[in-house]
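Written below as structure tokens is the structure these notes are about.
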Amino acid sequence: MHLKKAIPFFLLAIAMTLGSTAHAQSLLSGKITDARTGEAIIGAVISLQLSDPPLSVLSNTEGDYLIRLPGPGKHKLRVFYTGYEEQIFEIESQTENALTRDISLTEANYLLQTLVISASRTDKPLAESTVSMDIIRPEYPEKLNSTSAQQVLDRIPGVQILDGQANIRGGSGYSYGAGSRVMLVMDDLPILQPDAGFPNWDDLPLENVGQIEVLKGAGSALYGSAAMNGIIHFRNIKPGTEPYTAISLIPRIFMKPALDNQWWGKGNDVVPGELVTTLVHRKRYRKTDVTLGGFYANKTGYNKGNNSENTRINGIFTHHFSDRLIAGLGVNLNAGHSTSFFYWDGEGSYVGDSSSYSNSKKLRFNLDPSVQYFSSGGYRHKLMTRWSHINNEVDNNQSNQSDNYYAEYQIHRNFEKSGLEFTAGALTYYSRVDANLYSNSIFKATNQAAYVQMEKRFWERLILSGGMRYEHFFLNGPDSVGKTAIENPSRESKPVFRLGANCRIGRASYLRASWGQGFRFPTIAERFVTTSAGGVNVVPNPLLQPEYGNNFETGVRTGYAFGPLQGMIDLAWFWSRYQDMMEFTLLFQDFRLLFQSQNVGDTDIKGFEITNQSKIDLGRSIILISGGYTYLDPRFVEWDTSGKNVPINRLDQATQGQRNAFASTSKDNILKYRSRHLLRCDLEYQYRDFFIGANYNYASHMEAVDWLFEVDLFIKGAKSFRQKYNKGYQVLDLRMGYRLGKVNLQLNLANAFNEIYSLRPGLLEAPRNLSARMTWVL
């Protein structure tokens, strides 16, 4: 052991010896190593089982550890490190003696041991989760050359991003930017825009995001109203022992599409493309961790006029006052302007209808103070707060401004003697919204909630978990909208529950089952939005009611290893049932066809999913394979095809089943804006500092959309385009890169086959495009 590295170790031993009381104690020391390579393992957790309060230490940079044993007798210890099989052993100590025990850990299936937090709000190995989860590796967004999180999420099995809204396993359709059934969380704090339930993807500092976790299924019991369909949790990269500073330059050029229909990029002085620059700095300054990020993007869209310029600055400052007390402050500022159109001016056109363009300026920022304290009794206390300001200036009377205040207290304790883990919390959320977009009114909204989650381990094989949340909503707004009187203020309260089980049925096989309830209160946007784009008019529905749901899932997750190959395969069957589901749908009012968020009755979504992640370690080279297939059967419970023959002026007299059939372009009973089949695949080969990879993305044809979108009076050519391109879409992306010292070079060819496709009527997706990434590590 080097003298310099040994000094802290021996000082710790002296301090622990001097700090011993009259009660006889022993010291246990040793080294933690890799059983195969013999290398030291840094940061392994050595915990004294059944102690009160719990006692744990970490191995140092040499793999050495030192732990104090409370008195003579037999003691049970647990050694754990991510990616290795845990080891539990007993040791007997005598009065005031020094003991030595070296420990070798055997490498486990690294995928099963990946730590996730979203399923229980505490770190757990992925294998022990009671629900379906997918993990995105920290380096994956960079490998895809993504500059926005939504470009990454669209590669996950069962996930689609439709015009900015996340959809997990068919739980959501097209929501016109209002309302979400998927909660977005950044380091345990919600990041959806409160008034609209919309994700502002450009606010997410992707340059400092590490692991991304996607929980599939109802998460309302832990995360609240917007988590009916799932949770996407972004976790920041923490500063390491070595400082990290890097600057990246990311240019992108869009090429000529296969469908040369009003392609404006040819022979033009302005080439459709993007230029993005990012800067990151992460360092530990003694007791303070600092994470800084900067982002600038100037984008000229492939759709003419869909342009933007955006600047973002973010930082996280964490100070360790002691081993028990930690305080943090997060800062994020995002400013910019953009133009866009809602739908094209003709079939498959890259030019927008002149009446559907809008211009916007934005200024959004948030401050996130937090405190975390570990008490002597083994409790973790956590207080998270946020103040966010949002100012979106949009023409066509679509502006909105809000100030939002959030505070959450959380307490956690692991009772090792009984195998019980306990998490509870309470929160309050207040928003003041002033918006022309929302019937030109001022709103004051409050959301209060309390939750509890308990998890019990039996026989080292079975885990049972349960939780509940009670949520209360209060909204003070206008007394009437148009001719409709409103009960003001409006209130709604609801408890929701969840149960889960996970059983290890083999050395690396886990059987799970879960049930979760969901409850979603309408957003301000869904109830009060008033806007138009060309011939599409959206009107408020102040009488909109909350929706409820139940999600059931059973699945099996198993790890496998054959020589250099190790991986994990997961098979899941799921069923979601919603009552009074809220969807934007067709309305005939005052001799006009309009869109309005309505309760469309009950819906039923069943399906299954199979995913695989694997790694082939060939020594100098590594092959990574991942992907999955999802099948969906999304239906209305109330569906009556006779609604296709109901006259428009008698639509208000039709049954719910008739109205659902009338509003859809499909004769079959299928929810709008869903694909029955989704397939995602990713393959990467790494050799030393070089990598090459491919990503394949398939979605079957979206059979049902809003009937009005196929009427040329509103969106020209939407119906004929959908008839021509009715096989879904297949998109292949290619990538390669090389690390040359402190410089990383990368090329990406997206949509290599130049697929023509549209995720929703009237708006084409990107043609083939070439991008590069040059990262200098300073």
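Ligands are numbered from 1 in the order shown, chains are lettered A, B, ... in the order of the structure tokens, and residues start at 1 in each chain.
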Set out as a Markdown table a contact list for range 217-298 of chain A and range 468-477 of chain A with a cut-off of 10 Å, giving each residue of range 217-298 of chain A that qualifies its closest atom pair and distance in Å to one decimal, counting only C-alpha atoms, ordered by chain and rising residue number.
| residue | atom | partner | partner_atom | distance |
| --- | --- | --- | --- | --- |
| A:Ser220 | CA | A:Arg469 | CA | 7.6 |
| A:Ala221 | CA | A:Arg469 | CA | 4.8 |
| A:Leu222 | CA | A:Arg469 | CA | 6.7 |
| A:Tyr223 | CA | A:Arg469 | CA | 8.8 |
| A:Gly224 | CA | A:Glu471 | CA | 7.5 |
| A:Ser225 | CA | A:Glu471 | CA | 8.0 |
Quick one: pick out all strand (DSSP E) residues within range 507-733 of chain A from a backbone DSSP run and write them as a ChimeraX atom specification.
/A:509-520,531-533,536-538,547-562,565-579,582-589,592-599,603-617,621-636,677-687,690-699,729-733
Find the residues around Ser597 in chain A up to 6 Å (only C-alpha atoms counted), leave out those fewer than 5 positions away in its own chain, and share them as a PyMOL selection string.
chain A and resi 526+583-584
Store the residues picked out above, limited to all heavy atoms, as a PDB file, in the first residue's frame.
ATOM      1  N   GLU A 526     -56.227  21.243 -20.929  1.00  0.00           N
ATOM      2  CA  GLU A 526     -57.280  20.365 -21.427  1.00  0.00           C
ATOM      3  C   GLU A 526     -58.664  20.946 -21.176  1.00  0.00           C
ATOM      4  O   GLU A 526     -59.572  20.777 -21.992  1.00  0.00           O
ATOM      5  CB  GLU A 526     -57.153  18.985 -20.768  1.00  0.00           C
ATOM      6  CG  GLU A 526     -55.982  18.182 -21.294  1.00  0.00           C
ATOM      7  CD  GLU A 526     -55.772  16.903 -20.524  1.00  0.00           C
ATOM      8  OE1 GLU A 526     -55.524  16.984 -19.304  1.00  0.00           O
ATOM      9  OE2 GLU A 526     -55.851  15.814 -21.130  1.00  0.00           O
ATOM     10  N   GLU A 583     -59.564  12.311 -24.120  1.00  0.00           N
ATOM     11  CA  GLU A 583     -58.908  12.365 -25.419  1.00  0.00           C
ATOM     12  C   GLU A 583     -59.485  13.551 -26.188  1.00  0.00           C
ATOM     13  O   GLU A 583     -60.670  13.872 -26.058  1.00  0.00           O
ATOM     14  CB  GLU A 583     -59.163  11.090 -26.229  1.00  0.00           C
ATOM     15  CG  GLU A 583     -58.552   9.841 -25.639  1.00  0.00           C
ATOM     16  CD  GLU A 583     -57.253   9.466 -26.313  1.00  0.00           C
ATOM     17  OE1 GLU A 583     -57.301   8.947 -27.440  1.00  0.00           O
ATOM     18  OE2 GLU A 583     -56.183   9.700 -25.711  1.00  0.00           O
ATOM     19  N   PHE A 584     -58.647  14.203 -27.003  1.00  0.00           N
ATOM     20  CA  PHE A 584     -59.173  15.213 -27.902  1.00  0.00           C
ATOM     21  C   PHE A 584     -59.917  14.513 -29.033  1.00  0.00           C
ATOM     22  O   PHE A 584     -59.408  13.582 -29.653  1.00  0.00           O
ATOM     23  CB  PHE A 584     -58.039  16.073 -28.462  1.00  0.00           C
ATOM     24  CG  PHE A 584     -57.648  17.196 -27.550  1.00  0.00           C
ATOM     25  CD1 PHE A 584     -56.691  17.012 -26.567  1.00  0.00           C
ATOM     26  CD2 PHE A 584     -58.259  18.439 -27.662  1.00  0.00           C
ATOM     27  CE1 PHE A 584     -56.337  18.035 -25.713  1.00  0.00           C
ATOM     28  CE2 PHE A 584     -57.908  19.478 -26.811  1.00  0.00           C
ATOM     29  CZ  PHE A 584     -56.946  19.280 -25.827  1.00  0.00           C
TER      30      PHE A 584
END
Which one is closest to His389 in chain A: A:Val182, A:Val433, A:Ile411, A:Leu618? Count only C-alpha atoms.
A:Val433
Interatomic distance between CA of Asn769 in chain A and CA of Asp260 in chain A?
15.1 Å
Excluding same-chain residues fewer than 4 positions from range 519-522 of chain A, what lies within 8 Å of it counting only C-alpha atoms, as a PyMOL selection string?
chain A and resi 179+181+220+224-226+228+473+492+494+496+526-527+544-549
Just the residues within 10 Å of Phe528 in chain A, please, counting only C-alpha atoms, with nothing from its chain fewer than 5 positions along; format it as a list in words.
Leu437, Tyr438, Ser439, Asn440, Ser441, Gly477, Pro478, Val481, Pro522, Thr523, Val538, Val539, Pro540, Asn541, Pro542, Leu543, Leu544, Gln596 and Ser597 of chain A
Keeping only N, CA and C atoms, write the selected residues to a file as a compact mmCIF listing (two decimals), in the first residue's frame.
# COMPACT_ATOMS: atom_id res chain seq x y z
N LEU A 437 -54.03 31.84 -23.91
CA LEU A 437 -54.32 30.52 -24.47
C LEU A 437 -55.44 29.81 -23.74
N TYR A 438 -55.57 30.09 -22.44
CA TYR A 438 -56.57 29.41 -21.62
C TYR A 438 -57.74 30.34 -21.34
N SER A 439 -58.50 30.62 -22.37
CA SER A 439 -59.70 31.43 -22.27
C SER A 439 -59.42 32.80 -21.67
N ASN A 440 -58.17 33.28 -21.86
CA ASN A 440 -57.77 34.62 -21.41
C ASN A 440 -58.11 34.82 -19.93
N SER A 441 -57.67 33.90 -19.09
CA SER A 441 -58.04 33.93 -17.67
C SER A 441 -56.81 33.74 -16.80
N GLY A 477 -60.45 29.45 -10.95
CA GLY A 477 -60.38 30.09 -12.25
C GLY A 477 -61.62 30.89 -12.53
N PRO A 478 -62.02 31.00 -13.79
CA PRO A 478 -63.20 31.79 -14.14
C PRO A 478 -64.49 31.10 -13.68
N VAL A 481 -67.19 30.00 -18.88
CA VAL A 481 -66.50 30.08 -20.17
C VAL A 481 -67.57 30.08 -21.24
N PRO A 522 -57.67 16.70 -14.91
CA PRO A 522 -57.41 17.41 -16.16
C PRO A 522 -56.46 18.59 -15.95
N THR A 523 -55.56 18.79 -16.89
CA THR A 523 -54.71 19.98 -16.84
C THR A 523 -55.54 21.21 -17.20
N VAL A 538 -59.66 24.51 -31.72
CA VAL A 538 -59.73 23.77 -30.46
C VAL A 538 -60.45 24.64 -29.44
N VAL A 539 -61.46 24.07 -28.79
CA VAL A 539 -62.28 24.85 -27.86
C VAL A 539 -62.22 24.22 -26.47
N PRO A 540 -62.50 25.02 -25.43
CA PRO A 540 -62.41 24.52 -24.05
C PRO A 540 -63.55 23.59 -23.69
N ASN A 541 -63.30 22.80 -22.64
CA ASN A 541 -64.33 21.95 -22.05
C ASN A 541 -64.21 22.05 -20.53
N PRO A 542 -64.76 23.12 -19.96
CA PRO A 542 -64.59 23.34 -18.51
C PRO A 542 -65.26 22.27 -17.65
N LEU A 543 -66.12 21.43 -18.25
CA LEU A 543 -66.81 20.39 -17.49
C LEU A 543 -66.11 19.04 -17.58
N LEU A 544 -64.90 19.03 -18.14
CA LEU A 544 -64.14 17.80 -18.29
C LEU A 544 -63.88 17.16 -16.92
N GLN A 596 -62.12 19.13 -29.16
CA GLN A 596 -62.28 19.40 -27.74
C GLN A 596 -61.83 18.18 -26.94
N SER A 597 -61.21 18.42 -25.80
CA SER A 597 -60.88 17.31 -24.92
C SER A 597 -62.15 16.83 -24.24
Which polymer residues have any atom within 6 Å of an atom of range 665-681 of chain A, counting only C-alpha atoms, with same-chain residues fewer than 4 positions away left out, as a ChimeraX atom specification?
/A:157,170,173,626-632,634-635,695-700,702,704-705,707
So which one's closest to Lys644 in chain A, A:Ser664, A:Ser514, A:Ser370, A:Thr531? Using only C-alpha atoms, please.
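Going through A:Ser664, A:Ser514, A:Ser370, A:Thr531 one by one, the smallest distance to Lys644 in chain A is for A:Ser664.
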Using only C-alpha atoms, which of the listed residues (A:Gly164, A:Gly741, A:Gly762, A:Gly328) sits closest to Asp368 in chain A?
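Going through A:Gly164, A:Gly741, A:Gly762, A:Gly328 one by one, the smallest distance to Asp368 in chain A is for A:Gly328.
Atom to atom, CA of Lys256 in chain A and CA of Ala149 in chain A stand 25.4 Å apart.
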Suppose you want the space between CA of His337 in chain A and CA of Met186 in chain A; what is it in Å?
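Interatomic distance, CA of His337 in chain A to CA of Met186 in chain A: 24.1 Å.
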Counting only C-alpha atoms, the residue of A:Lys444, A:Lys361, A:His320, A:His412 that sits nearest Tyr285 in chain A:
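Among the listed residues, A:His320 lies closest to Tyr285 in chain A.
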Name the residues in contact with Arg739 in chain A at a cut-off of 8 Å, using only C-alpha atoms, excluding same-chain residues fewer than 3 positions from it; report them as JSON, numbers by chain.
{"A": [689, 690, 742, 743, 744, 745]}
From the set A:Ile648, A:Leu571, A:Ile42, A:Ile253, which residue has the shortest atom-to-atom contact distance to Tyr510 in chain A, counting only C-alpha atoms?
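With only C-alpha atoms as the atom set, the closest residue is A:Leu571.
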Looking at A:Cys503, A:Met255, A:Leu778, A:Leu427, which one is nearest to Asn751 in chain A, with distances taken over only C-alpha atoms?
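Of all the options, A:Met255 lies closest to Asn751 in chain A.
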